[in-house]
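Here's the structure, in structure tokens; my notes come after.
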Amino acid sequence: MPKRTTKPAANASSPQARGARDAREPGPACRVALIGFGTVGRAVAKILCENGNGALRLTHICNRDVERKKQAWVSSNVPNNIPADVIWTDDVQSVLKSDVQIVIELIGGLHPAGEIVRNALESGKSVVTANKQLIARDGPDLLQLAARKGCQIEFGASVAGGVPVLPALRTGLCGDRLHGIAGILNGTCNYILSRIENARIPFSEALEEAQARGYAEADASEDLDGGDARAKLAILALAGLHTRVAPESIRARTIRAVDAVDFDYAAELECTIRQISRADLKGSTLCAEVGPCLVPTNSPFGRVQRNLNLVLTSGQYGGDMAFLGAGAGGDPTAVAVVSDLMFVAQSLSAGGGKREVASNVSTPEISSDFETPWYLRFFVRDQPGIVARLAQILAAHHLNIDSLLQKPGFEKASLPFVITLEPCHDSMLHPALQEMAGLDFAIRPCLCLPILR
Ligand SMILES: NC(=O)c1ccc[n+]([C@@H]2O[C@H](COP(=O)([O-])OP(=O)(O)OC[C@H]3O[C@@H](n4cnc5c(N)ncnc54)[C@H](OP(=O)(O)O)[C@@H]3O)[C@@H](O)[C@H]2O)c1
């Protein structure tokens, strides 16, 4: 038998062999499971099918009653990463026990999504999620769990959908010391308010229109009353201000009381009305709230139309930054999910690098005592002495009137007019409003909005 003369191959795991392999070909694709094949899940799978780069390999798609979810395009349109043998399953446990490295959670809600995410992290799998409820409530704990287990959790799509504000806060701006974040974070509210602004239609009509176009759910309370936006604000505060805030501790005011006439009066003040979520960190206190505010018409917030989102950040060194774009929708949100996925896959292939851990997160005192000028709108049954009575109450509480606006042409039985106040703290104004609530000529509660200049 002829003697072999070829040099023996280097040990496959030796540095020389690894170096030679790295130079020739990319490493093995990262194995990914998608749990939740709904609006965003389908869009994620579509991007992976159409735009894959070989670094990711979708091995499982998991959804309850999965048979009805199966799509031919997932296995037929298979360039690099969606193999024809992708496993469709409704058994979450089998996915968690498999050898996938990244779990994408796109079910939404707290249960069972929370348990799935925890189990995945416990077993050393990294997680990508768009779940704002879960991250707003458990984000700091999940970040710590991921760090303990040497894996990652990314949630870039959980706030502002496709607008890459969370990756910016966690990476691009982490060298600054941010002290303020403000945003238009709820597309439903922005759609409704900008429709009332542009068409001067009643609130109820704008809401019906938003529901008919699929921008608002049948029960839109979470959007209208600020629950959705404050969960997002809590996540922004965690990522940008390193503060742990329970969403329920952030005051939320509804937009339901905003009337078309408020846009007329706001216009007199060169303003419009938007639902604004804002958080300012001062020492160990976080001043935070969500609710409708007057904003200058020509300001970044005043120019945001339809269901777009805008986030502004203020930093000690970098100053102000703005992030604008589509805050929802399957495709934009899926872009954020796939971007997170690529980030995690790159980290894993580079040896499992991690983002910052939640160890420097503080638990501040929460306040809503902002100091601003104020807009007070009254609807009254007309009679002599109304303005004098209101002025008396305001003076008794040391509040200064800045202007008084009254447009002609309204019924005397339901007359709207506006008083604006010079800047004062919310806590000073509140007792005056309570006193005004008992006045017999008021036919609706006073609408009190901060004016953000
Ligand atoms: N849609 C957006 O514009 C948007 C924007 C930003 C963030 N997000 C977030 O993205 C996530 C997904 O939203 P989405 O709009 O894609 O929701 P979706 O359309 O309701 O999709 C959720 C999917 O998960 C499945 N599912 C629900 N519970 C399950 C369970 N226990 N086990 C297995 N599968 C289950 C649902 O199945 P069924 O078909 O049986 O219901 C559905 O296919 C949520 O956290 C949401 O807040 C969405």
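Ordering of the structure tokens sets the chain letters (A, B, ...), residue numbers begin anew at 1 in every chain, and ligands are numbered from 1 in the order given.
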Sort by chain and increasing residue number a table of all residues of chain A within 9 Å of ligand 1, each with its closest pair of atoms and their distance in Å to one decimal, counting only C-alpha atoms and all ligand atoms, and write it as a tab-separated table.
residue	atom	partner	partner_atom_place_in_ligand_line	distance
A:Ile35	CA	ligand 1	34 (N)	6.4
A:Gly36	CA	ligand 1	24 (O)	3.5
A:Phe37	CA	ligand 1	43 (O)	4.2
A:Gly38	CA	ligand 1	21 (O)	3.3
A:Thr39	CA	ligand 1	16 (O)	3.7
A:Val40	CA	ligand 1	16 (O)	3.7
A:Gly41	CA	ligand 1	16 (O)	5.5
A:Arg42	CA	ligand 1	16 (O)	7.7
A:Ala43	CA	ligand 1	16 (O)	8.5
A:Cys62	CA	ligand 1	33 (C)	6.3
A:Asn63	CA	ligand 1	34 (N)	3.7
A:Arg64	CA	ligand 1	33 (C)	4.0
A:Asp65	CA	ligand 1	40 (O)	6.6
A:Val66	CA	ligand 1	34 (N)	8.2
A:Arg68	CA	ligand 1	39 (O)	8.7
A:Lys69	CA	ligand 1	39 (O)	7.6
A:Asp90	CA	ligand 1	33 (C)	6.4
A:Asp91	CA	ligand 1	33 (C)	8.1
A:Val92	CA	ligand 1	32 (N)	7.2
A:Glu105	CA	ligand 1	11 (C)	7.6
A:Leu106	CA	ligand 1	12 (C)	4.3
A:Ile107	CA	ligand 1	24 (O)	3.7
A:Gly108	CA	ligand 1	45 (O)	3.2
A:Gly109	CA	ligand 1	45 (O)	6.0
A:Leu110	CA	ligand 1	45 (O)	8.9
A:His111	CA	ligand 1	31 (N)	7.4
A:Pro112	CA	ligand 1	31 (N)	5.7
A:Ala113	CA	ligand 1	31 (N)	7.2
A:Thr129	CA	ligand 1	45 (O)	7.1
A:Ala130	CA	ligand 1	10 (O)	4.5
A:Asn131	CA	ligand 1	45 (O)	3.5
A:Lys132	CA	ligand 1	47 (O)	5.8
A:Gln133	CA	ligand 1	47 (O)	7.3
A:Leu134	CA	ligand 1	45 (O)	8.1
A:Ala157	CA	ligand 1	7 (C)	5.7
A:Ser158	CA	ligand 1	7 (C)	5.1
A:Val159	CA	ligand 1	6 (C)	6.7
A:Ala160	CA	ligand 1	6 (C)	6.8
A:Gly161	CA	ligand 1	6 (C)	4.4
A:Gly162	CA	ligand 1	6 (C)	7.7
A:Gly327	CA	ligand 1	5 (C)	6.7
A:Ala328	CA	ligand 1	3 (O)	3.6
A:Gly329	CA	ligand 1	3 (O)	3.5
A:Gly330	CA	ligand 1	3 (O)	5.2
A:Asp331	CA	ligand 1	3 (O)	8.1
A:Pro332	CA	ligand 1	3 (O)	7.8
A:Thr333	CA	ligand 1	5 (C)	5.4
A:Ala334	CA	ligand 1	5 (C)	8.4
- Message: Can you pull out the residues contacting Cys30 in chain A? Cut-off 6 Å, using only C-alpha atoms, and skip same-chain residues under 2 positions away; I want them as a ChimeraX atom specification.
- Response: /A:55-57
The selected residues should be written to file as a PDB file, in the first residue's frame (atoms: N, CA and C atoms).
ATOM      1  N   ALA A  55     -26.686  34.057   7.774  1.00  0.00           N
ATOM      2  CA  ALA A  55     -26.210  33.994   9.163  1.00  0.00           C
ATOM      3  C   ALA A  55     -27.287  33.463  10.092  1.00  0.00           C
ATOM      4  N   LEU A  56     -28.529  33.431   9.613  1.00  0.00           N
ATOM      5  CA  LEU A  56     -29.643  33.010  10.456  1.00  0.00           C
ATOM      6  C   LEU A  56     -30.356  31.845   9.800  1.00  0.00           C
ATOM      7  N   ARG A  57     -30.753  30.879  10.608  1.00  0.00           N
ATOM      8  CA  ARG A  57     -31.468  29.730  10.054  1.00  0.00           C
ATOM      9  C   ARG A  57     -32.723  29.515  10.895  1.00  0.00           C
TER      10      ARG A  57
END
- Message: Here is a test: counting only C-alpha atoms, which residue of A:Pro167, A:Gly180, A:Pro296, A:Gly240 is nearest to Ser314 in chain A?
- Response: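 Smallest separation from Ser314 in chain A among the options: A:Gly180.
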- Message: I need the helix (DSSP H, G or I) residues of range 23-200 of chain A per DSSP on the backbone, written as a PyMOL selection string.
- Response: chain A and resi 23-24+39-51+66-69+72-76+92-97+113-122+132-148+156-158+165-172+187-199
- Can you list, as JSON, numbers by chain, every residue of range 81-206 of chain A that DSSP puts in strand (DSSP E or B)? {"A": [87, 88, 89, 102, 103, 104, 105, 126, 127, 128, 129, 153, 154, 178, 179, 180, 181, 182, 183, 184]}
- Item | Pick from A:Leu394, A:Leu399, A:Leu48, A:Leu294, whichever lies nearest to Met436 in chain A using only C-alpha atoms |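 Of A:Leu394, A:Leu399, A:Leu48, A:Leu294, the one nearest Met436 in chain A is A:Leu394, counting only C-alpha atoms.
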- Query: Using only C-alpha atoms, which residue out of A:Gln93, A:Gly139, A:Leu178, A:Pro384 lies closest to Gly114 in chain A?
  - Reply: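 Selected residue with least distance to Gly114 in chain A: A:Gly139.
Picture a line from CA of Asp369 in chain A to CA of Cys446 in chain A; it runs 18.8 Å.
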- Shell around range 401-416 of chain A at 9 Å using only C-alpha atoms, local window under 2 positions removed, as a PyMOL selection string: chain A and resi 261+264-265+268+373+377-383+391+394-395+399+418-422+443
Grab the residues selected above and save them as a short mmCIF file (atom, residue, chain, number, x, y, z; two decimals), in the first residue's frame with N, CA and C atoms.
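Dumped everything to result_15.cif:
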data_model
loop_
_atom_site.label_atom_id
_atom_site.label_comp_id
_atom_site.auth_asym_id
_atom_site.auth_seq_id
_atom_site.Cartn_x
_atom_site.Cartn_y
_atom_site.Cartn_z
N VAL A 261 -63.07 72.23 19.43
CA VAL A 261 -62.90 73.64 19.76
C VAL A 261 -61.54 73.90 20.41
N ASP A 264 -59.18 75.06 17.92
CA ASP A 264 -59.36 76.47 17.56
C ASP A 264 -58.63 77.37 18.54
N TYR A 265 -58.83 77.09 19.83
CA TYR A 265 -58.16 77.92 20.84
C TYR A 265 -56.65 77.68 20.83
N GLU A 268 -55.07 79.77 18.25
CA GLU A 268 -54.90 81.17 18.68
C GLU A 268 -53.57 81.36 19.40
N PRO A 373 -46.55 76.46 31.73
CA PRO A 373 -47.77 77.25 31.56
C PRO A 373 -48.94 76.29 31.33
N ARG A 377 -59.65 75.02 29.73
CA ARG A 377 -60.84 75.27 28.88
C ARG A 377 -62.10 74.92 29.67
N PHE A 378 -63.00 75.89 29.67
CA PHE A 378 -64.26 75.73 30.39
C PHE A 378 -65.41 75.66 29.40
N PHE A 379 -66.42 74.86 29.71
CA PHE A 379 -67.71 74.95 29.04
C PHE A 379 -68.71 75.37 30.11
N VAL A 380 -69.35 76.55 29.93
CA VAL A 380 -70.22 77.08 31.00
C VAL A 380 -71.60 77.45 30.46
N ARG A 381 -72.53 77.51 31.36
CA ARG A 381 -73.84 78.12 31.08
C ARG A 381 -73.64 79.61 31.37
N ASP A 382 -73.82 80.44 30.36
CA ASP A 382 -73.39 81.84 30.50
C ASP A 382 -74.23 82.58 31.56
N GLN A 383 -73.57 83.38 32.35
CA GLN A 383 -74.23 84.23 33.35
C GLN A 383 -73.20 85.26 33.80
N ALA A 391 -61.29 84.02 38.36
CA ALA A 391 -60.09 84.81 38.66
C ALA A 391 -59.85 84.86 40.16
N LEU A 394 -58.31 81.55 41.24
CA LEU A 394 -56.91 81.45 40.81
C LEU A 394 -56.02 82.34 41.67
N ALA A 395 -56.51 83.56 41.93
CA ALA A 395 -55.71 84.49 42.75
C ALA A 395 -55.52 83.93 44.16
N LEU A 399 -52.05 81.94 41.52
CA LEU A 399 -51.83 81.55 40.13
C LEU A 399 -52.10 82.76 39.24
N VAL A 418 -61.40 80.04 27.27
CA VAL A 418 -60.10 79.52 27.74
C VAL A 418 -59.38 80.55 28.59
N ILE A 419 -58.77 80.06 29.65
CA ILE A 419 -57.83 80.89 30.42
C ILE A 419 -56.46 80.21 30.33
N THR A 420 -55.43 80.97 30.00
CA THR A 420 -54.08 80.40 30.09
C THR A 420 -53.38 80.98 31.31
N LEU A 421 -52.54 80.15 31.91
CA LEU A 421 -51.84 80.55 33.13
C LEU A 421 -50.35 80.64 32.90
N GLU A 422 -49.72 81.53 33.62
CA GLU A 422 -48.26 81.58 33.61
C GLU A 422 -47.70 80.32 34.27
N ILE A 443 -70.62 73.33 32.92
CA ILE A 443 -71.44 72.21 32.44
C ILE A 443 -70.59 71.01 32.00
#
- Item | Shell around Cys293 in chain A at 8 Å using only C-alpha atoms, local window under 6 positions removed, as a count of residues only | 8
- Note on the structure: Judged by only C-alpha atoms, the minimum distance to Ser368 in chain A among A:Thr285, A:Thr89, A:Gln152, A:Asn190 is found for A:Thr285
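Nearest to Glu371 in chain A of all the residues A:Asn53, A:Ala199, A:Ala322, A:Ser427 is A:Ser427, based on only C-alpha atoms.
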- Task: Determine, counting only C-alpha atoms, which protein, DNA and RNA residues have an atom within 7 Å of an atom of range 182-188 of chain A; residues of the same chain fewer than 5 positions away are not included. Present the result as a PyMOL selection string.
- Result: chain A and resi 160+215-216+223+229+275-279+307-313+327
Got time to write the residues from that selection, all heavy atoms, as a short mmCIF file (atom, residue, chain, number, x, y, z; two decimals), in the first residue's frame?
data_model
loop_
_atom_site.label_atom_id
_atom_site.label_comp_id
_atom_site.auth_asym_id
_atom_site.auth_seq_id
_atom_site.Cartn_x
_atom_site.Cartn_y
_atom_site.Cartn_z
N ALA A 160 -42.11 52.29 19.81
CA ALA A 160 -42.02 53.01 18.54
C ALA A 160 -41.78 52.09 17.34
O ALA A 160 -41.24 52.53 16.33
CB ALA A 160 -40.94 54.11 18.61
N TYR A 215 -56.56 51.42 12.76
CA TYR A 215 -55.56 52.08 13.60
C TYR A 215 -55.92 52.00 15.08
O TYR A 215 -55.11 52.32 15.94
CB TYR A 215 -55.39 53.55 13.22
CG TYR A 215 -54.83 53.78 11.84
CD1 TYR A 215 -55.22 54.89 11.09
CD2 TYR A 215 -53.91 52.90 11.28
CE1 TYR A 215 -54.71 55.11 9.82
CE2 TYR A 215 -53.40 53.12 10.02
CZ TYR A 215 -53.80 54.23 9.30
OH TYR A 215 -53.29 54.45 8.05
N ALA A 216 -57.19 51.68 15.37
CA ALA A 216 -57.62 51.60 16.78
C ALA A 216 -58.42 50.32 16.97
O ALA A 216 -59.16 49.90 16.07
CB ALA A 216 -58.46 52.81 17.15
N ASP A 223 -55.07 52.77 24.57
CA ASP A 223 -54.45 53.84 23.78
C ASP A 223 -54.93 55.20 24.27
O ASP A 223 -54.13 56.07 24.61
CB ASP A 223 -54.83 53.67 22.29
CG ASP A 223 -54.25 52.40 21.71
OD1 ASP A 223 -53.08 52.11 21.97
OD2 ASP A 223 -54.98 51.69 20.99
N ALA A 229 -49.01 54.13 26.17
CA ALA A 229 -47.87 55.05 26.09
C ALA A 229 -47.04 55.02 27.36
O ALA A 229 -45.81 55.14 27.31
CB ALA A 229 -48.35 56.47 25.79
N GLN A 275 -50.78 63.85 22.14
CA GLN A 275 -50.53 63.07 23.35
C GLN A 275 -49.01 62.96 23.49
O GLN A 275 -48.34 62.39 22.62
CB GLN A 275 -51.14 61.67 23.26
CG GLN A 275 -51.01 60.91 24.58
CD GLN A 275 -50.94 59.40 24.40
OE1 GLN A 275 -50.20 58.89 23.56
NE2 GLN A 275 -51.73 58.68 25.18
N ILE A 276 -48.50 63.52 24.57
CA ILE A 276 -47.04 63.52 24.80
C ILE A 276 -46.72 62.69 26.04
O ILE A 276 -47.38 62.81 27.07
CB ILE A 276 -46.52 64.97 25.02
CG1 ILE A 276 -46.91 65.89 23.85
CG2 ILE A 276 -45.00 64.96 25.24
CD1 ILE A 276 -46.24 65.61 22.53
N SER A 277 -45.70 61.85 25.90
CA SER A 277 -45.17 61.09 27.03
C SER A 277 -43.83 61.72 27.37
O SER A 277 -43.00 61.88 26.48
CB SER A 277 -44.94 59.63 26.64
OG SER A 277 -46.13 59.09 26.11
N ARG A 278 -43.62 62.08 28.61
CA ARG A 278 -42.35 62.75 28.93
C ARG A 278 -41.82 62.30 30.28
O ARG A 278 -42.60 62.00 31.19
CB ARG A 278 -42.52 64.28 28.88
CG ARG A 278 -43.66 64.79 29.69
CD ARG A 278 -44.04 66.22 29.33
NE ARG A 278 -45.26 66.57 30.03
CZ ARG A 278 -45.43 67.63 30.80
NH1 ARG A 278 -44.45 68.52 30.92
NH2 ARG A 278 -46.57 67.85 31.42
N ALA A 279 -40.50 62.27 30.36
CA ALA A 279 -39.83 61.87 31.60
C ALA A 279 -38.57 62.71 31.75
O ALA A 279 -37.75 62.75 30.83
CB ALA A 279 -39.47 60.39 31.54
N ASN A 307 -50.31 58.42 12.11
CA ASN A 307 -49.95 57.50 13.19
C ASN A 307 -48.44 57.37 13.36
O ASN A 307 -47.95 56.35 13.83
CB ASN A 307 -50.59 56.12 12.98
CG ASN A 307 -50.21 55.55 11.64
OD1 ASN A 307 -49.71 56.26 10.77
ND2 ASN A 307 -50.44 54.26 11.45
N LEU A 308 -47.70 58.42 12.99
CA LEU A 308 -46.24 58.36 13.17
C LEU A 308 -45.86 58.53 14.64
O LEU A 308 -46.64 59.03 15.44
CB LEU A 308 -45.56 59.44 12.34
CG LEU A 308 -45.64 59.28 10.81
CD1 LEU A 308 -44.90 60.41 10.13
CD2 LEU A 308 -45.08 57.93 10.38
N ASN A 309 -44.66 58.10 14.96
CA ASN A 309 -44.09 58.28 16.30
C ASN A 309 -42.88 59.20 16.21
O ASN A 309 -42.17 59.22 15.20
CB ASN A 309 -43.61 56.95 16.88
CG ASN A 309 -44.73 56.08 17.43
OD1 ASN A 309 -44.47 55.10 18.11
ND2 ASN A 309 -45.97 56.40 17.14
N LEU A 310 -42.65 59.94 17.29
CA LEU A 310 -41.46 60.79 17.39
C LEU A 310 -40.92 60.70 18.81
O LEU A 310 -41.69 60.79 19.77
CB LEU A 310 -41.82 62.26 17.08
CG LEU A 310 -40.72 63.30 17.33
CD1 LEU A 310 -39.57 63.13 16.36
CD2 LEU A 310 -41.28 64.72 17.21
N VAL A 311 -39.62 60.51 18.94
CA VAL A 311 -39.01 60.54 20.27
C VAL A 311 -37.88 61.56 20.26
O VAL A 311 -37.05 61.57 19.34
CB VAL A 311 -38.45 59.14 20.67
CG1 VAL A 311 -37.79 59.21 22.04
CG2 VAL A 311 -39.56 58.10 20.67
N LEU A 312 -37.88 62.43 21.27
CA LEU A 312 -36.79 63.40 21.44
C LEU A 312 -36.06 63.06 22.73
O LEU A 312 -36.69 62.78 23.75
CB LEU A 312 -37.35 64.82 21.56
CG LEU A 312 -38.24 65.34 20.42
CD1 LEU A 312 -38.67 66.78 20.71
CD2 LEU A 312 -37.50 65.29 19.09
N THR A 313 -34.73 63.09 22.67
CA THR A 313 -33.94 62.85 23.88
C THR A 313 -33.09 64.08 24.17
O THR A 313 -32.71 64.82 23.26
CB THR A 313 -33.00 61.64 23.71
OG1 THR A 313 -32.07 61.91 22.65
CG2 THR A 313 -33.77 60.38 23.39
N GLY A 327 -44.43 53.89 13.89
CA GLY A 327 -44.40 53.32 15.23
C GLY A 327 -45.09 51.98 15.33
O GLY A 327 -45.08 51.35 16.38
#
- What does the distance from CA of Asp426 in chain A to CA of Arg195 in chain A come to in Å, to one decimal? 28.7 Å
- Task: Figure out the distance between CA of Val103 in chain A and CA of Trp88 in chain A, please, to one decimal in Å.
- Result: 14.3 Å
- Message: I'd like the neighbourhood of range 245-260 of chain A as an MDAnalysis selection string, where a residue qualifies if any of its atoms comes within 8 Å (using only C-alpha atoms), though same-chain residues fewer than 3 positions away should be ignored.
- Response: chainID A and resid 136:137 189 196:197 200:203 224:227 230:231 233:234 237:238 263:264 275 288:292 363:364 366:368 447
